[in-house]
Amino acid sequence: MPGNSQRRNRRVTPKKGAAGGSGGKNRASLAGKGRTLPADERPWHKGYSGTEQLPNRTAWKQQKERKAAAAEGRTPKIGKPGTKDTTWGRGGTGKKATKPAKGSGRSGPRVAPGRKSATPRDAPELLVGRNPVVEALRARVPATALYIAHGIDIDDRINELVRSAADRGIPILEISRAELDRMTGGVLHQGVGLQVPPFAYEPFEDLIAASTEHAAPLLVALDGVTDPRNLGAVIRSAAAFGAQGVFLPERRAAGITATAWRTSAGAAARLPVSQVTNLTRALKACQQAGFVVVGLDADGETDVYNLEAAVGPLVIVVGSEGRGLSRLVGETCDLRASIPMASTVESLNASVAAAVTLAEVTRRRSAA
């Protein structure tokens, strides 16, 4: 009996199926995502030519390409920042760009799906998570909006944060979970988010001028403290022991976030805080104004209990959590002081060291 291969009208070619990589169901997931942005509209690409502020990472890429091109004797393959309009509206080619949905509140540079643009330094911070948001509202952290996702489970924390926000007049906005996911960049938010405005830093010159009006000026400087909880704790201690202000570097250091504000227990609202471009230069300005700059160092030449300079104009410099004082800052200090401890303990936490030193300075001044 002949097999199937002998039957009439048998198939002689393979059965046609979906080719690998042709898209299939995955194509539907891209619907509505918009076109892929060209290189000159991508803020993270070295070919970026947009009118928005050039991210530091992109500037570094372009500089690297310039050096490589110069070494190889060719034209650098980089964009021309500022030559193409990349804001929502009309692009630099004269064609009408895709606009956001009405009422979405989106503005600024166009960003390809799945990618995040560099967050502006003056952009509001979004604090997420039920416990953090409740704690922030209890600490009366300044806030401009409370976002709640549709359909979330209501518990005592949700009831408390809604009640607290209503009592303080903070707008309460219900949005979709997908929109909250987009706003948080995929961070676990538990269905709530609190928008916190940027902190208003005091100009450094005003900080020095205001402190010198006191009989015994006292300032605290932070050298590379990166944990916002340490920053908040130092601000709280500085306010408790009579310091007139705190200053810290703009780069490679924690700023006043909602976490730092909450840790300070509201002291950040009462104590001036300044950001400086160069900490070493700021310390030298303090020395010219008559301050003695004392850096906290485990290997310091004196200890805080024998700090004779404590009764005069003083700047206490607290080093970072890991490496302590940087080399240039340590060399700029007039002297370095240590905190005597048992030999089994290597060092103290930055905020604890600041609190111990400030307490000793206060004690010496009250006894003087």
# chains A, B, ... in the order shown; residues from 1 in each chain; ligands from 1
>>> select_by_dssp(residues="range 112-184 of chain A", states="alpha helix (DSSP H)", output="PyMOL selection string")
chain A and resi 130-138+156-168+177-184
>>> write_last_selection(atoms="N, CA and C atoms", output="CSV table (one decimal), in the first residue's frame")
chain,number,residue,atom,x,y,z
A,130,ARG,N,3.9,54.0,50.7
A,130,ARG,CA,2.9,54.4,51.6
A,130,ARG,C,3.6,54.9,52.9
A,131,ASN,N,4.5,54.1,53.5
A,131,ASN,CA,5.1,54.6,54.7
A,131,ASN,C,5.9,55.9,54.6
A,132,PRO,N,6.8,56.0,53.5
A,132,PRO,CA,7.6,57.2,53.3
A,132,PRO,C,6.7,58.5,53.2
A,133,VAL,N,5.5,58.3,52.4
A,133,VAL,CA,4.7,59.4,52.2
A,133,VAL,C,4.0,59.8,53.5
A,134,VAL,N,3.5,58.9,54.3
A,134,VAL,CA,2.9,59.2,55.6
A,134,VAL,C,3.9,59.9,56.5
A,135,GLU,N,5.1,59.4,56.5
A,135,GLU,CA,6.1,60.0,57.4
A,135,GLU,C,6.5,61.4,57.0
A,136,ALA,N,6.5,61.6,55.7
A,136,ALA,CA,6.8,62.9,55.1
A,136,ALA,C,5.7,63.9,55.5
A,137,LEU,N,4.5,63.5,55.4
A,137,LEU,CA,3.4,64.4,55.8
A,137,LEU,C,3.3,64.6,57.3
A,138,ARG,N,3.7,63.6,58.1
A,138,ARG,CA,3.8,63.9,59.5
A,138,ARG,C,4.8,64.9,59.9
A,156,ASP,N,-5.3,52.0,56.5
A,156,ASP,CA,-5.2,53.1,57.5
A,156,ASP,C,-4.2,54.2,57.0
A,157,ARG,N,-3.1,53.7,56.3
A,157,ARG,CA,-2.1,54.7,55.9
A,157,ARG,C,-2.6,55.6,54.8
A,158,ILE,N,-3.4,55.0,53.9
A,158,ILE,CA,-4.0,55.8,52.8
A,158,ILE,C,-5.0,56.8,53.4
A,159,ASN,N,-5.8,56.3,54.3
A,159,ASN,CA,-6.7,57.3,55.0
A,159,ASN,C,-6.0,58.4,55.7
A,160,GLU,N,-4.9,58.1,56.3
A,160,GLU,CA,-4.2,59.1,57.0
A,160,GLU,C,-3.5,60.1,56.1
A,161,LEU,N,-2.9,59.6,55.0
A,161,LEU,CA,-2.2,60.6,54.1
A,161,LEU,C,-3.2,61.4,53.3
A,162,VAL,N,-4.4,60.9,53.0
A,162,VAL,CA,-5.4,61.7,52.3
A,162,VAL,C,-5.9,62.7,53.3
A,163,ARG,N,-6.2,62.3,54.5
A,163,ARG,CA,-6.6,63.3,55.5
A,163,ARG,C,-5.6,64.4,55.8
A,164,SER,N,-4.3,64.0,55.9
A,164,SER,CA,-3.3,65.0,56.2
A,164,SER,C,-3.1,66.0,55.0
A,165,ALA,N,-3.2,65.4,53.8
A,165,ALA,CA,-3.0,66.3,52.6
A,165,ALA,C,-4.2,67.3,52.5
A,166,ALA,N,-5.4,66.8,52.8
A,166,ALA,CA,-6.6,67.7,52.8
A,166,ALA,C,-6.5,68.7,53.8
A,167,ASP,N,-6.0,68.4,55.0
A,167,ASP,CA,-5.9,69.4,56.1
A,167,ASP,C,-4.9,70.5,55.8
A,168,ARG,N,-3.9,70.1,55.0
A,168,ARG,CA,-2.8,71.1,54.6
A,168,ARG,C,-3.1,71.8,53.3
A,177,ARG,N,-2.7,53.8,37.3
A,177,ARG,CA,-1.4,53.2,37.8
A,177,ARG,C,-0.3,53.2,36.7
A,178,ALA,N,-0.7,53.1,35.5
A,178,ALA,CA,0.3,53.2,34.4
A,178,ALA,C,0.9,54.6,34.3
A,179,GLU,N,0.1,55.7,34.6
A,179,GLU,CA,0.7,57.0,34.6
A,179,GLU,C,1.6,57.2,35.8
A,180,LEU,N,1.3,56.6,36.9
A,180,LEU,CA,2.2,56.7,38.1
A,180,LEU,C,3.4,55.9,37.9
A,181,ASP,N,3.3,54.8,37.2
A,181,ASP,CA,4.5,54.0,36.8
A,181,ASP,C,5.4,54.9,35.9
A,182,ARG,N,4.8,55.6,35.0
A,182,ARG,CA,5.6,56.5,34.1
A,182,ARG,C,6.3,57.6,34.9
A,183,MET,N,5.6,58.2,35.8
A,183,MET,CA,6.2,59.3,36.6
A,183,MET,C,7.3,58.9,37.5
A,184,THR,N,7.2,57.6,38.0
A,184,THR,CA,8.2,57.1,38.9
A,184,THR,C,9.3,56.4,38.2
>>> residues_around(residues="Cys286 in chain A", least_positions_apart="4", cutoff="10 Å", atoms="only C-alpha atoms", output="JSON, numbers by chain")
{"A": [205, 208, 219, 280, 281, 282, 290, 291, 292, 293, 313, 314, 315]}
>>> select_by_dssp(residues="range 151-315 of chain A", states="strand (DSSP E)", output="PyMOL selection string")
chain A and resi 172-175+192-196+218-223+245-249+273-276+292-296+302-303+314-315
>>> write_last_selection(atoms="C-alpha atoms", output="tab-separated table (two decimals), in the first residue's frame")
chain	number	residue	atom	x	y	z
A	172	ILE	CA	-5.03	65.21	45.76
A	173	LEU	CA	-4.95	63.82	42.21
A	174	GLU	CA	-6.24	60.40	41.15
A	175	ILE	CA	-4.36	58.99	38.19
A	192	VAL	CA	0.91	56.68	46.04
A	193	GLY	CA	3.34	59.48	45.29
A	194	LEU	CA	4.03	62.85	46.94
A	195	GLN	CA	5.42	65.66	44.80
A	196	VAL	CA	7.97	67.73	46.71
A	218	LEU	CA	29.31	78.67	63.98
A	219	LEU	CA	28.90	76.94	60.61
A	220	VAL	CA	29.00	73.29	59.54
A	221	ALA	CA	30.45	72.12	56.21
A	222	LEU	CA	29.92	68.67	54.71
A	223	ASP	CA	32.64	67.16	52.53
A	245	GLY	CA	24.00	77.41	58.83
A	246	VAL	CA	25.24	74.40	56.88
A	247	PHE	CA	26.91	74.35	53.47
A	248	LEU	CA	27.81	71.49	51.15
A	249	PRO	CA	29.13	70.93	47.61
A	273	VAL	CA	21.54	75.57	53.93
A	274	SER	CA	23.80	76.56	51.03
A	275	GLN	CA	25.29	74.68	48.09
A	276	VAL	CA	28.73	75.72	46.86
A	292	VAL	CA	38.83	78.97	62.04
A	293	VAL	CA	38.20	75.87	59.93
A	294	VAL	CA	38.39	72.59	61.87
A	295	GLY	CA	38.11	69.27	60.06
A	296	LEU	CA	37.01	66.11	61.86
A	302	THR	CA	44.16	67.45	68.63
A	303	ASP	CA	40.92	66.16	70.11
A	314	LEU	CA	34.28	78.35	63.81
A	315	VAL	CA	33.57	76.13	60.82
>>> closest_residue(among="A:Ile339, A:Ile78, A:Val304, A:Ala354", to="Phe241 in chain A", atoms="only C-alpha atoms")
A:Ala354
>>> closest_residue(among="A:Gly79, A:Pro197, A:Gly322, A:Pro38", to="Val225 in chain A", atoms="only C-alpha atoms")
A:Gly322
>>> atom_distance(atom1="CA of Ala269 in chain A", atom2="CA of Asp206 in chain A")
16.4 Å
